[in-house]
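The next block is protein.pdb, given as PDB, C-alpha atoms.
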```pdb
ATOM      1  CA  MET A   1     -11.385 -16.159  12.173
ATOM      2  CA  PRO A   2     -15.038 -16.315  13.223
ATOM      3  CA  PHE A   3     -17.720 -16.653  10.556
ATOM      4  CA  VAL A   4     -19.287 -13.290  11.445
ATOM      5  CA  LYS A   5     -15.983 -11.455  11.063
ATOM      6  CA  SER A   6     -15.361 -12.999   7.637
ATOM      7  CA  LEU A   7     -18.888 -12.088   6.593
ATOM      8  CA  GLY A   8     -18.262  -8.544   7.855
ATOM      9  CA  ILE A   9     -15.176  -8.176   5.657
ATOM     10  CA  VAL A  10     -17.069  -9.429   2.594
ATOM     11  CA  LEU A  11     -20.047  -7.138   3.191
ATOM     12  CA  VAL A  12     -18.000  -4.011   3.960
ATOM     13  CA  ALA A  13     -15.911  -4.482   0.804
ATOM     14  CA  SER A  14     -19.091  -5.049  -1.217
ATOM     15  CA  ALA A  15     -20.825  -1.970   0.228
ATOM     16  CA  VAL A  16     -17.843   0.290  -0.507
ATOM     17  CA  ILE A  17     -17.383  -0.897  -4.094
ATOM     18  CA  VAL A  18     -21.119  -0.628  -4.865
ATOM     19  CA  LEU A  19     -21.191   2.904  -3.408
ATOM     20  CA  LEU A  20     -18.230   3.862  -5.618
ATOM     21  CA  ARG A  21     -19.938   2.465  -8.704
ATOM     22  CA  ALA A  22     -23.173   4.250  -7.712
ATOM     23  CA  PHE A  23     -21.492   7.603  -7.071
ATOM     24  CA  PRO A  24     -22.353   9.262 -10.423
ATOM     25  CA  PHE A  25     -25.964   8.080 -10.201
ATOM     26  CA  ILE A  26     -26.300   9.488  -6.686
ATOM     27  CA  VAL A  27     -24.806  12.914  -7.382
ATOM     28  CA  MET A  28     -26.629  13.259 -10.712
ATOM     29  CA  SER A  29     -29.984  11.959  -9.468
ATOM     30  CA  ARG A  30     -31.621  15.406  -9.783
ATOM     31  CA  SER A  31     -30.357  16.095 -13.279
ATOM     32  CA  LYS A  32     -32.482  15.168 -16.283
ATOM     33  CA  GLY A  33     -29.587  13.672 -18.194
ATOM     34  CA  GLU A  34     -29.567  16.468 -20.727
ATOM     35  CA  GLY A  35     -26.923  18.705 -19.230
ATOM     36  CA  ARG A  36     -23.924  19.792 -21.246
ATOM     37  CA  TRP A  37     -21.552  17.920 -18.969
ATOM     38  CA  LEU A  38     -23.455  14.658 -19.279
ATOM     39  CA  LYS A  39     -23.498  14.966 -23.076
ATOM     40  CA  LEU A  40     -19.749  15.522 -23.020
ATOM     41  CA  ALA A  41     -19.342  12.554 -20.678
ATOM     42  CA  GLU A  42     -21.370  10.291 -22.985
ATOM     43  CA  LYS A  43     -19.138  11.207 -25.888
ATOM     44  CA  TRP A  44     -15.636  11.439 -24.402
ATOM     45  CA  LEU A  45     -15.502   9.768 -21.002
ATOM     46  CA  SER A  46     -15.939   6.221 -22.206
ATOM     47  CA  PRO A  47     -13.109   6.276 -24.820
ATOM     48  CA  ALA A  48     -10.842   7.982 -22.282
ATOM     49  CA  ILE A  49     -11.513   5.363 -19.609
ATOM     50  CA  ILE A  50     -11.164   2.486 -22.079
ATOM     51  CA  ALA A  51      -7.839   3.904 -23.321
ATOM     52  CA  LEU A  52      -6.605   3.854 -19.719
ATOM     53  CA  LEU A  53      -7.895   0.293 -19.341
ATOM     54  CA  VAL A  54      -5.847  -0.741 -22.389
ATOM     55  CA  VAL A  55      -2.720   0.703 -20.793
ATOM     56  CA  TYR A  56      -3.541  -0.890 -17.457
ATOM     57  CA  SER A  57      -4.268  -4.304 -18.962
ATOM     58  CA  TYR A  58      -0.879  -4.191 -20.725
ATOM     59  CA  SER A  59       0.848  -3.669 -17.396
ATOM     60  CA  THR A  60      -0.196  -7.183 -16.393
ATOM     61  CA  LEU A  61       1.118  -8.689 -19.666
ATOM     62  CA  GLU A  62       4.669  -9.230 -20.904
ATOM     63  CA  TRP A  63       4.829  -5.554 -21.823
ATOM     64  CA  ARG A  64       8.612  -5.405 -22.077
ATOM     65  CA  SER A  65       8.541  -7.733 -25.088
ATOM     66  CA  TRP A  66       7.149  -6.811 -28.486
ATOM     67  CA  CYS A  67       4.559  -9.609 -28.397
ATOM     68  CA  PRO A  68       1.570  -7.778 -26.862
ATOM     69  CA  TYR A  69       2.078  -4.816 -29.222
ATOM     70  CA  ALA A  70       2.087  -7.054 -32.301
ATOM     71  CA  ALA A  71      -1.036  -8.844 -31.076
ATOM     72  CA  GLY A  72      -2.659  -5.503 -30.257
ATOM     73  CA  LEU A  73      -1.886  -4.133 -33.716
ATOM     74  CA  VAL A  74      -3.411  -7.231 -35.330
ATOM     75  CA  THR A  75      -6.508  -6.770 -33.152
ATOM     76  CA  VAL A  76      -6.872  -3.164 -34.353
ATOM     77  CA  VAL A  77      -6.348  -4.057 -38.033
ATOM     78  CA  LEU A  78      -8.852  -6.938 -37.895
ATOM     79  CA  GLN A  79     -11.378  -4.755 -36.107
ATOM     80  CA  LEU A  80     -11.003  -2.017 -38.717
ATOM     81  CA  ALA A  81     -11.285  -4.546 -41.559
ATOM     82  CA  PHE A  82     -14.146  -6.765 -40.398
ATOM     83  CA  ARG A  83     -15.855  -4.823 -37.580
ATOM     84  CA  ASN A  84     -16.425  -8.132 -35.839
ATOM     85  CA  GLY A  85     -15.284  -7.996 -32.232
ATOM     86  CA  LEU A  86     -15.342 -11.752 -31.701
ATOM     87  CA  VAL A  87     -12.994 -12.292 -34.648
ATOM     88  CA  SER A  88     -10.499  -9.588 -33.686
ATOM     89  CA  ILE A  89     -10.520 -10.395 -29.956
ATOM     90  CA  PHE A  90     -10.061 -14.142 -30.319
ATOM     91  CA  ALA A  91      -7.543 -13.848 -33.187
ATOM     92  CA  GLY A  92      -5.494 -11.282 -31.253
ATOM     93  CA  THR A  93      -5.526 -13.454 -28.143
ATOM     94  CA  ALA A  94      -4.587 -16.599 -30.069
ATOM     95  CA  LEU A  95      -1.701 -14.745 -31.715
ATOM     96  CA  TYR A  96      -0.439 -13.464 -28.345
ATOM     97  CA  MET A  97      -0.585 -16.975 -26.869
ATOM     98  CA  LEU A  98       1.390 -18.302 -29.854
ATOM     99  CA  LEU A  99       3.979 -15.520 -29.627
ATOM    100  CA  ILE A 100       4.775 -15.986 -25.944
ATOM    101  CA  ALA A 101       4.550 -19.785 -26.016
TER     102      ALA A 101
ATOM    103  CA  MET B   1     -19.433  -8.251 -30.967
ATOM    104  CA  SER B   2     -20.288  -5.312 -33.121
ATOM    105  CA  CYS B   3     -18.657  -2.711 -30.974
ATOM    106  CA  SER B   4     -20.639   0.196 -32.324
ATOM    107  CA  SER B   5     -24.379   0.409 -32.725
ATOM    108  CA  GLU B   6     -25.437  -0.110 -36.316
ATOM    109  CA  PRO B   7     -28.875   1.370 -36.836
ATOM    110  CA  GLY B   8     -31.424  -1.424 -36.835
ATOM    111  CA  ALA B   9     -28.971  -4.063 -35.641
ATOM    112  CA  ARG B  10     -30.192  -6.027 -32.620
ATOM    113  CA  LEU B  11     -27.881  -6.141 -29.655
ATOM    114  CA  ASN B  12     -26.911  -9.685 -28.749
ATOM    115  CA  ALA B  13     -25.800  -9.935 -25.133
ATOM    116  CA  PHE B  14     -24.849 -13.604 -25.312
ATOM    117  CA  LYS B  15     -22.610 -13.145 -28.344
ATOM    118  CA  ASP B  16     -20.943 -10.113 -26.774
ATOM    119  CA  SER B  17     -20.401 -12.037 -23.545
ATOM    120  CA  LEU B  18     -18.292 -14.765 -25.191
ATOM    121  CA  PRO B  19     -14.916 -12.995 -24.856
ATOM    122  CA  ILE B  20     -15.858 -12.398 -21.215
ATOM    123  CA  LEU B  21     -16.660 -16.079 -20.763
ATOM    124  CA  MET B  22     -13.066 -16.747 -21.771
ATOM    125  CA  GLY B  23     -11.602 -13.876 -19.728
ATOM    126  CA  TYR B  24     -13.693 -14.081 -16.561
ATOM    127  CA  GLY B  25     -13.736 -17.880 -16.693
ATOM    128  CA  THR B  26      -9.956 -18.180 -16.631
ATOM    129  CA  MET B  27      -9.252 -15.110 -14.473
ATOM    130  CA  GLY B  28     -11.948 -16.091 -11.989
ATOM    131  CA  PHE B  29     -10.575 -19.617 -11.823
ATOM    132  CA  ALA B  30      -7.074 -18.245 -11.173
ATOM    133  CA  ALA B  31      -8.392 -15.788  -8.574
ATOM    134  CA  GLY B  32     -10.227 -18.659  -6.862
ATOM    135  CA  ILE B  33      -7.041 -20.725  -6.651
ATOM    136  CA  VAL B  34      -5.090 -17.798  -5.202
ATOM    137  CA  PHE B  35      -7.907 -16.980  -2.786
ATOM    138  CA  ALA B  36      -8.039 -20.531  -1.441
ATOM    139  CA  ALA B  37      -4.258 -20.571  -1.067
ATOM    140  CA  THR B  38      -3.951 -17.218   0.751
ATOM    141  CA  ALA B  39      -7.160 -16.980   2.788
ATOM    142  CA  GLY B  40      -6.592 -20.141   4.785
ATOM    143  CA  VAL B  41     -10.258 -20.627   5.682
ATOM    144  CA  LYS B  42     -12.558 -23.629   5.679
ATOM    145  CA  PHE B  43     -15.123 -23.782   2.847
ATOM    146  CA  SER B  44     -12.976 -21.489   0.711
ATOM    147  CA  ALA B  45     -15.110 -22.231  -2.378
ATOM    148  CA  PHE B  46     -18.159 -20.843  -0.547
ATOM    149  CA  TRP B  47     -16.310 -17.673   0.438
ATOM    150  CA  SER B  48     -14.718 -17.247  -2.977
ATOM    151  CA  GLY B  49     -18.135 -17.533  -4.648
ATOM    152  CA  LEU B  50     -19.762 -15.190  -2.151
ATOM    153  CA  ILE B  51     -17.059 -12.545  -2.633
ATOM    154  CA  ALA B  52     -17.355 -12.886  -6.416
ATOM    155  CA  ALA B  53     -21.136 -12.481  -6.301
ATOM    156  CA  THR B  54     -21.105  -9.505  -3.904
ATOM    157  CA  SER B  55     -18.069  -7.514  -5.125
ATOM    158  CA  PHE B  56     -17.638  -8.543  -8.785
ATOM    159  CA  SER B  57     -14.034  -7.344  -8.764
ATOM    160  CA  GLY B  58     -10.793  -9.124  -9.594
ATOM    161  CA  THR B  59      -8.655  -6.916  -7.378
ATOM    162  CA  LEU B  60     -10.922  -7.416  -4.383
ATOM    163  CA  GLN B  61     -11.013 -11.183  -4.931
ATOM    164  CA  PHE B  62      -7.248 -11.245  -4.389
ATOM    165  CA  ALA B  63      -7.204  -8.590  -1.673
ATOM    166  CA  ILE B  64      -9.901 -10.165   0.501
ATOM    167  CA  GLY B  65      -7.904 -13.389   0.606
ATOM    168  CA  TYR B  66      -5.096 -11.466   2.305
ATOM    169  CA  TRP B  67      -7.523  -9.667   4.607
ATOM    170  CA  PHE B  68      -8.989 -13.019   5.671
ATOM    171  CA  ARG B  69      -5.535 -14.362   6.436
ATOM    172  CA  GLY B  70      -4.437 -11.208   8.301
ATOM    173  CA  ASP B  71      -7.748 -10.786  10.168
ATOM    174  CA  ALA B  72      -7.952  -7.188   8.906
ATOM    175  CA  SER B  73     -10.146  -4.690  10.767
ATOM    176  CA  LEU B  74     -13.368  -3.589   9.093
ATOM    177  CA  ALA B  75     -12.192   0.035   9.018
ATOM    178  CA  PHE B  76      -9.050  -1.054   7.182
ATOM    179  CA  VAL B  77     -11.137  -3.099   4.729
ATOM    180  CA  ALA B  78     -13.344  -0.078   3.996
ATOM    181  CA  LEU B  79     -10.387   2.265   3.429
ATOM    182  CA  ALA B  80      -8.378  -0.205   1.377
ATOM    183  CA  THR B  81     -11.395  -1.040  -0.824
ATOM    184  CA  LEU B  82     -11.913   2.681  -1.363
ATOM    185  CA  ALA B  83      -8.287   3.149  -2.353
ATOM    186  CA  ILE B  84      -8.036   0.260  -4.811
ATOM    187  CA  SER B  85     -11.453   0.822  -6.439
ATOM    188  CA  VAL B  86     -11.713   4.612  -6.570
ATOM    189  CA  ARG B  87     -11.562   4.681 -10.384
ATOM    190  CA  TYR B  88     -15.179   3.469 -10.481
ATOM    191  CA  VAL B  89     -16.498   6.862  -9.356
ATOM    192  CA  PHE B  90     -16.093   8.131 -12.927
ATOM    193  CA  TYR B  91     -17.627   5.280 -14.913
ATOM    194  CA  GLY B  92     -21.316   5.947 -14.338
ATOM    195  CA  PHE B  93     -21.300   9.534 -15.582
ATOM    196  CA  SER B  94     -21.649   8.432 -19.196
ATOM    197  CA  LEU B  95     -24.567   6.126 -18.303
ATOM    198  CA  VAL B  96     -26.635   8.372 -16.019
ATOM    199  CA  GLY B  97     -28.824   9.579 -18.882
ATOM    200  CA  LYS B  98     -29.470   6.155 -20.406
ATOM    201  CA  TRP B  99     -30.138   4.356 -17.104
ATOM    202  CA  ARG B 100     -32.681   6.900 -15.884
ATOM    203  CA  ASP B 101     -36.227   6.004 -14.792
ATOM    204  CA  ILE B 102     -35.733   2.293 -14.261
ATOM    205  CA  GLY B 103     -36.791   0.238 -11.257
ATOM    206  CA  LEU B 104     -34.637   0.520  -8.152
ATOM    207  CA  LEU B 105     -33.688  -3.169  -7.965
ATOM    208  CA  ARG B 106     -32.702  -3.415 -11.609
ATOM    209  CA  LYS B 107     -30.780  -0.152 -11.374
ATOM    210  CA  LEU B 108     -28.959  -1.402  -8.292
ATOM    211  CA  PHE B 109     -28.038  -4.584 -10.163
ATOM    212  CA  LEU B 110     -26.788  -2.658 -13.219
ATOM    213  CA  VAL B 111     -24.741  -0.260 -11.078
ATOM    214  CA  PHE B 112     -23.304  -3.149  -9.068
ATOM    215  CA  GLY B 113     -22.253  -4.764 -12.357
ATOM    216  CA  LEU B 114     -20.156  -1.842 -13.630
ATOM    217  CA  THR B 115     -16.846  -3.679 -13.818
ATOM    218  CA  ASP B 116     -14.153  -2.485 -16.224
ATOM    219  CA  GLU B 117     -15.205  -4.984 -18.884
ATOM    220  CA  ASN B 118     -18.965  -4.547 -18.481
ATOM    221  CA  TYR B 119     -18.549  -0.781 -18.562
ATOM    222  CA  ALA B 120     -16.456  -0.943 -21.730
ATOM    223  CA  ILE B 121     -18.963  -3.136 -23.574
ATOM    224  CA  VAL B 122     -22.133  -1.437 -22.351
ATOM    225  CA  SER B 123     -20.907   2.117 -22.927
ATOM    226  CA  SER B 124     -19.943   1.274 -26.502
ATOM    227  CA  HIS B 125     -23.662   0.723 -27.228
ATOM    228  CA  ILE B 126     -24.799   3.995 -25.666
ATOM    229  CA  ASP B 127     -26.543   5.061 -28.892
ATOM    230  CA  ALA B 128     -28.962   2.108 -28.914
ATOM    231  CA  PRO B 129     -32.671   2.763 -28.152
ATOM    232  CA  LYS B 130     -33.177   3.150 -24.415
ATOM    233  CA  ASP B 131     -35.392   0.120 -23.720
ATOM    234  CA  GLU B 132     -33.214  -2.208 -25.714
ATOM    235  CA  PHE B 133     -30.099  -0.739 -24.138
ATOM    236  CA  ILE B 134     -31.412  -1.467 -20.640
ATOM    237  CA  ARG B 135     -32.477  -5.010 -21.541
ATOM    238  CA  TYR B 136     -29.115  -5.632 -23.186
ATOM    239  CA  SER B 137     -27.162  -4.215 -20.220
ATOM    240  CA  THR B 138     -29.076  -6.411 -17.771
ATOM    241  CA  ARG B 139     -28.507  -9.593 -19.753
ATOM    242  CA  LEU B 140     -24.857  -8.894 -20.408
ATOM    243  CA  ILE B 141     -24.099  -8.119 -16.766
ATOM    244  CA  ALA B 142     -26.064 -11.168 -15.529
ATOM    245  CA  LEU B 143     -24.182 -13.504 -17.885
ATOM    246  CA  ASN B 144     -20.800 -12.059 -16.992
ATOM    247  CA  LEU B 145     -21.557 -12.195 -13.263
ATOM    248  CA  LEU B 146     -22.434 -15.859 -13.708
ATOM    249  CA  TYR B 147     -19.112 -16.557 -15.488
ATOM    250  CA  TRP B 148     -17.124 -14.696 -12.832
ATOM    251  CA  THR B 149     -18.865 -16.320  -9.866
ATOM    252  CA  CYS B 150     -18.592 -19.817 -11.343
ATOM    253  CA  GLY B 151     -14.919 -19.255 -12.174
ATOM    254  CA  CYS B 152     -14.066 -18.030  -8.669
ATOM    255  CA  THR B 153     -16.009 -20.858  -6.990
ATOM    256  CA  LEU B 154     -14.538 -23.602  -9.169
ATOM    257  CA  GLY B 155     -11.019 -22.217  -8.811
ATOM    258  CA  ALA B 156     -11.216 -22.306  -5.023
ATOM    259  CA  LEU B 157     -12.825 -25.757  -5.162
ATOM    260  CA  CYS B 158     -10.113 -27.238  -7.353
ATOM    261  CA  GLY B 159      -7.365 -25.337  -5.569
ATOM    262  CA  SER B 160      -3.846 -25.709  -6.798
ATOM    263  CA  ALA B 161      -4.554 -29.221  -8.101
ATOM    264  CA  PHE B 162      -5.011 -27.556 -11.473
ATOM    265  CA  THR B 163      -2.797 -25.151 -13.316
ATOM    266  CA  ILE B 164      -4.406 -22.740 -15.718
ATOM    267  CA  PRO B 165      -4.172 -23.991 -19.279
ATOM    268  CA  GLY B 166      -3.149 -21.469 -21.858
ATOM    269  CA  LYS B 167      -0.475 -19.031 -20.806
ATOM    270  CA  GLY B 168      -1.281 -15.613 -22.218
ATOM    271  CA  VAL B 169      -5.042 -16.072 -22.289
ATOM    272  CA  ASP B 170      -5.292 -12.914 -20.160
ATOM    273  CA  PHE B 171      -4.653 -10.957 -23.357
ATOM    274  CA  VAL B 172      -8.349 -11.458 -24.109
ATOM    275  CA  MET B 173      -9.206  -8.528 -21.789
ATOM    276  CA  ALA B 174      -6.655  -6.225 -23.431
ATOM    277  CA  ALA B 175      -8.000  -7.297 -26.846
ATOM    278  CA  LEU B 176     -11.573  -6.549 -25.736
ATOM    279  CA  PHE B 177     -10.640  -3.003 -24.701
ATOM    280  CA  ILE B 178      -8.600  -2.500 -27.893
ATOM    281  CA  ALA B 179     -11.438  -3.655 -30.180
ATOM    282  CA  ILE B 180     -13.970  -1.410 -28.436
ATOM    283  CA  LEU B 181     -11.603   1.572 -28.443
ATOM    284  CA  THR B 182     -10.913   1.059 -32.161
ATOM    285  CA  ASP B 183     -14.633   1.345 -32.948
ATOM    286  CA  GLN B 184     -15.079   4.323 -30.636
ATOM    287  CA  VAL B 185     -12.186   6.235 -32.175
ATOM    288  CA  ARG B 186     -13.562   5.491 -35.635
ATOM    289  CA  ALA B 187     -16.979   6.785 -34.572
ATOM    290  CA  LEU B 188     -15.432   9.921 -33.059
ATOM    291  CA  CYS B 189     -13.476  10.582 -36.244
ATOM    292  CA  ARG B 190     -16.688  10.432 -38.263
ATOM    293  CA  SER B 191     -18.786  12.650 -36.012
TER     294      SER B 191
END
```

Is it possible to give me this structure as structure tokens?
Amino acid sequence: MPFVKSLGIVLVASAVIVLLRAFPFIVMSRSKGEGRWLKLAEKWLSPAIIALLVVYSYSTLEWRSWCPYAAGLVTVVLQLAFRNGLVSIFAGTALYMLLIA
Amino acid sequence: MSCSSEPGARLNAFKDSLPILMGYGTMGFAAGIVFAATAGVKFSAFWSGLIAATSFSGTLQFAIGYWFRGDASLAFVALATLAISVRYVFYGFSLVGKWRDIGLLRKLFLVFGLTDENYAIVSSHIDAPKDEFIRYSTRLIALNLLYWTCGCTLGALCGSAFTIPGKGVDFVMAALFIAILTDQVRALCRS
């Protein structure tokens, strides 16, 4: 495949994904960021999206076994107890690696 | 990472980027290996790094390898990218207010950097003071982009000569989302 064609594929993919990520900023560019909908989005949208990301990230793990759920539960408990993300994330990951090893 | 904003606590982008160093480092390396194996192009490390630095997306890193191999048409690339990345159209709505009135180049960089992981981390600090929030977002996204691009380049460079050490290390991304969600749910319960 010629260099220019490869470069074209890379740039088109990049342009589309950047436009998608920019979409809210483009359509809301006139708003002052104080609207009711934006306040609701600040509060609820992020937890909703992150909850979906948890589900999605499990789909790439060994989700039919109990291992990721045990590791996930430990991550939650550690996070509630110590409020230290580094501790809960690395401990949960280490436990998962041990469980499936 | 302190996943919620304590009043007075300084945000530390480097500390918060450490789980991503682990996640993007290994996932990028794996994506680079797969890219080099499927794309079938010369200088695959160059292309893998360029794709990483211009798309910042795990799915696209894999997909573009196939499009290189199949000599996909540009129209197909545009439509397929749209289809596999459409979820991103929602992410920015919770950041529009906080990322207002900043320079065009920096804003473009921040928007470009809204991956799943960056979005999750950044949006969990939405209550921080605006200037600090913007500085923090920029640093965090720059660090994570560096990890991802280096991972993808090195993976393609090493090719299948290496296997990824540490089966199950991909749980680090699930754990990141879980830890952030835990703090957000706690904050919502208190408000």

Report as a PDB file with C-alpha atoms, in the frame of the given file the set of chain B residues whose atoms approach chain A to within 7 Å, with distances computed over all atoms listed in the file.
```pdb
ATOM      1  CA  MET B   1     -19.433  -8.251 -30.967  1.00  0.00           C
ATOM      2  CA  SER B   2     -20.288  -5.312 -33.121  1.00  0.00           C
ATOM      3  CA  CYS B   3     -18.657  -2.711 -30.974  1.00  0.00           C
ATOM      4  CA  PRO B  19     -14.916 -12.995 -24.856  1.00  0.00           C
ATOM      5  CA  ILE B  51     -17.059 -12.545  -2.633  1.00  0.00           C
ATOM      6  CA  THR B  54     -21.105  -9.505  -3.904  1.00  0.00           C
ATOM      7  CA  SER B  55     -18.069  -7.514  -5.125  1.00  0.00           C
ATOM      8  CA  PHE B  68      -8.989 -13.019   5.671  1.00  0.00           C
ATOM      9  CA  ASP B  71      -7.748 -10.786  10.168  1.00  0.00           C
ATOM     10  CA  LEU B  74     -13.368  -3.589   9.093  1.00  0.00           C
ATOM     11  CA  VAL B  77     -11.137  -3.099   4.729  1.00  0.00           C
ATOM     12  CA  ALA B  78     -13.344  -0.078   3.996  1.00  0.00           C
ATOM     13  CA  THR B  81     -11.395  -1.040  -0.824  1.00  0.00           C
ATOM     14  CA  LEU B  82     -11.913   2.681  -1.363  1.00  0.00           C
ATOM     15  CA  SER B  85     -11.453   0.822  -6.439  1.00  0.00           C
ATOM     16  CA  VAL B  86     -11.713   4.612  -6.570  1.00  0.00           C
ATOM     17  CA  TYR B  88     -15.179   3.469 -10.481  1.00  0.00           C
ATOM     18  CA  VAL B  89     -16.498   6.862  -9.356  1.00  0.00           C
ATOM     19  CA  PHE B  90     -16.093   8.131 -12.927  1.00  0.00           C
ATOM     20  CA  GLY B  92     -21.316   5.947 -14.338  1.00  0.00           C
ATOM     21  CA  PHE B  93     -21.300   9.534 -15.582  1.00  0.00           C
ATOM     22  CA  SER B  94     -21.649   8.432 -19.196  1.00  0.00           C
ATOM     23  CA  VAL B  96     -26.635   8.372 -16.019  1.00  0.00           C
ATOM     24  CA  GLY B  97     -28.824   9.579 -18.882  1.00  0.00           C
ATOM     25  CA  VAL B 111     -24.741  -0.260 -11.078  1.00  0.00           C
ATOM     26  CA  PHE B 112     -23.304  -3.149  -9.068  1.00  0.00           C
ATOM     27  CA  LEU B 114     -20.156  -1.842 -13.630  1.00  0.00           C
ATOM     28  CA  ALA B 120     -16.456  -0.943 -21.730  1.00  0.00           C
ATOM     29  CA  SER B 123     -20.907   2.117 -22.927  1.00  0.00           C
ATOM     30  CA  LYS B 167      -0.475 -19.031 -20.806  1.00  0.00           C
ATOM     31  CA  GLY B 168      -1.281 -15.613 -22.218  1.00  0.00           C
ATOM     32  CA  VAL B 169      -5.042 -16.072 -22.289  1.00  0.00           C
ATOM     33  CA  PHE B 171      -4.653 -10.957 -23.357  1.00  0.00           C
ATOM     34  CA  VAL B 172      -8.349 -11.458 -24.109  1.00  0.00           C
ATOM     35  CA  ALA B 174      -6.655  -6.225 -23.431  1.00  0.00           C
ATOM     36  CA  ALA B 175      -8.000  -7.297 -26.846  1.00  0.00           C
ATOM     37  CA  LEU B 176     -11.573  -6.549 -25.736  1.00  0.00           C
ATOM     38  CA  PHE B 177     -10.640  -3.003 -24.701  1.00  0.00           C
ATOM     39  CA  ILE B 178      -8.600  -2.500 -27.893  1.00  0.00           C
ATOM     40  CA  ALA B 179     -11.438  -3.655 -30.180  1.00  0.00           C
ATOM     41  CA  LEU B 181     -11.603   1.572 -28.443  1.00  0.00           C
ATOM     42  CA  THR B 182     -10.913   1.059 -32.161  1.00  0.00           C
ATOM     43  CA  GLN B 184     -15.079   4.323 -30.636  1.00  0.00           C
TER      44      GLN B 184
END
```

query = Mind pulling up the distance from CA of Asn144 (chain B) to CA of Tyr24 (chain B)?
reply =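 So the two atoms, CA of Tyr24 (chain B) and CA of Asn144 (chain B), lie 7.4 Å apart.
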
message = Just the number, please: distance in Å from CA of Gly23 (chain B) to CA of Ala70 (chain A), one decimal.
response =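 CA of Gly23 (chain B) sits 19.8 Å away from CA of Ala70 (chain A).
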
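Across the model, the gap from CA of Gly58 (chain B) to CA of Gly151 (chain B) is 11.2 Å.
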
Evaluated on this file, the PyMOL selection byres ((chain B and resi 102) around 12) picks out some residues - which ones are they, written as a PDB file with C-alpha atoms, keeping the file's coordinate frame?
```
ATOM      1  CA  VAL B  96     -26.635   8.372 -16.019  1.00  0.00           C
ATOM      2  CA  GLY B  97     -28.824   9.579 -18.882  1.00  0.00           C
ATOM      3  CA  LYS B  98     -29.470   6.155 -20.406  1.00  0.00           C
ATOM      4  CA  TRP B  99     -30.138   4.356 -17.104  1.00  0.00           C
ATOM      5  CA  ARG B 100     -32.681   6.900 -15.884  1.00  0.00           C
ATOM      6  CA  ASP B 101     -36.227   6.004 -14.792  1.00  0.00           C
ATOM      7  CA  GLY B 103     -36.791   0.238 -11.257  1.00  0.00           C
ATOM      8  CA  LEU B 104     -34.637   0.520  -8.152  1.00  0.00           C
ATOM      9  CA  LEU B 105     -33.688  -3.169  -7.965  1.00  0.00           C
ATOM     10  CA  ARG B 106     -32.702  -3.415 -11.609  1.00  0.00           C
ATOM     11  CA  LYS B 107     -30.780  -0.152 -11.374  1.00  0.00           C
ATOM     12  CA  LEU B 108     -28.959  -1.402  -8.292  1.00  0.00           C
ATOM     13  CA  PHE B 109     -28.038  -4.584 -10.163  1.00  0.00           C
ATOM     14  CA  LEU B 110     -26.788  -2.658 -13.219  1.00  0.00           C
ATOM     15  CA  VAL B 111     -24.741  -0.260 -11.078  1.00  0.00           C
ATOM     16  CA  LYS B 130     -33.177   3.150 -24.415  1.00  0.00           C
ATOM     17  CA  ASP B 131     -35.392   0.120 -23.720  1.00  0.00           C
ATOM     18  CA  PHE B 133     -30.099  -0.739 -24.138  1.00  0.00           C
ATOM     19  CA  ILE B 134     -31.412  -1.467 -20.640  1.00  0.00           C
ATOM     20  CA  ARG B 135     -32.477  -5.010 -21.541  1.00  0.00           C
ATOM     21  CA  THR B 138     -29.076  -6.411 -17.771  1.00  0.00           C
TER      22      THR B 138
END
```

Residue members of the PyMOL selection byres ((chain B and resi 157) around 10) in the file shown, as a list in words =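 With the PyMOL selection byres ((chain B and resi 157) around 10) on this model, the match is Phe29, Gly32, Ile33, Ala36, Phe43, Ser44, Ala45, Phe46, Ser48, Gly49, Gly151, Cys152, Thr153, Leu154, Gly155, Ala156, Cys158, Gly159, Ser160 and Ala161 of chain B.
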
C-alpha atoms of the current selection, written as a CSV table (one decimal), in the coordinates of the input:
```
chain,number,residue,atom,x,y,z
B,29,PHE,CA,-10.6,-19.6,-11.8
B,32,GLY,CA,-10.2,-18.7,-6.9
B,33,ILE,CA,-7.0,-20.7,-6.7
B,36,ALA,CA,-8.0,-20.5,-1.4
B,43,PHE,CA,-15.1,-23.8,2.8
B,44,SER,CA,-13.0,-21.5,0.7
B,45,ALA,CA,-15.1,-22.2,-2.4
B,46,PHE,CA,-18.2,-20.8,-0.5
B,48,SER,CA,-14.7,-17.2,-3.0
B,49,GLY,CA,-18.1,-17.5,-4.6
B,151,GLY,CA,-14.9,-19.3,-12.2
B,152,CYS,CA,-14.1,-18.0,-8.7
B,153,THR,CA,-16.0,-20.9,-7.0
B,154,LEU,CA,-14.5,-23.6,-9.2
B,155,GLY,CA,-11.0,-22.2,-8.8
B,156,ALA,CA,-11.2,-22.3,-5.0
B,158,CYS,CA,-10.1,-27.2,-7.4
B,159,GLY,CA,-7.4,-25.3,-5.6
B,160,SER,CA,-3.8,-25.7,-6.8
B,161,ALA,CA,-4.6,-29.2,-8.1
```

inquiry  = From the options B:Ile20, B:Ile180, B:Phe62, B:Gly113, which residue's atoms come nearest to Ala142 (chain B), counting all atoms listed in the file?
reply    =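 Distance minimum relative to Ala142 (chain B) lands on B:Gly113.
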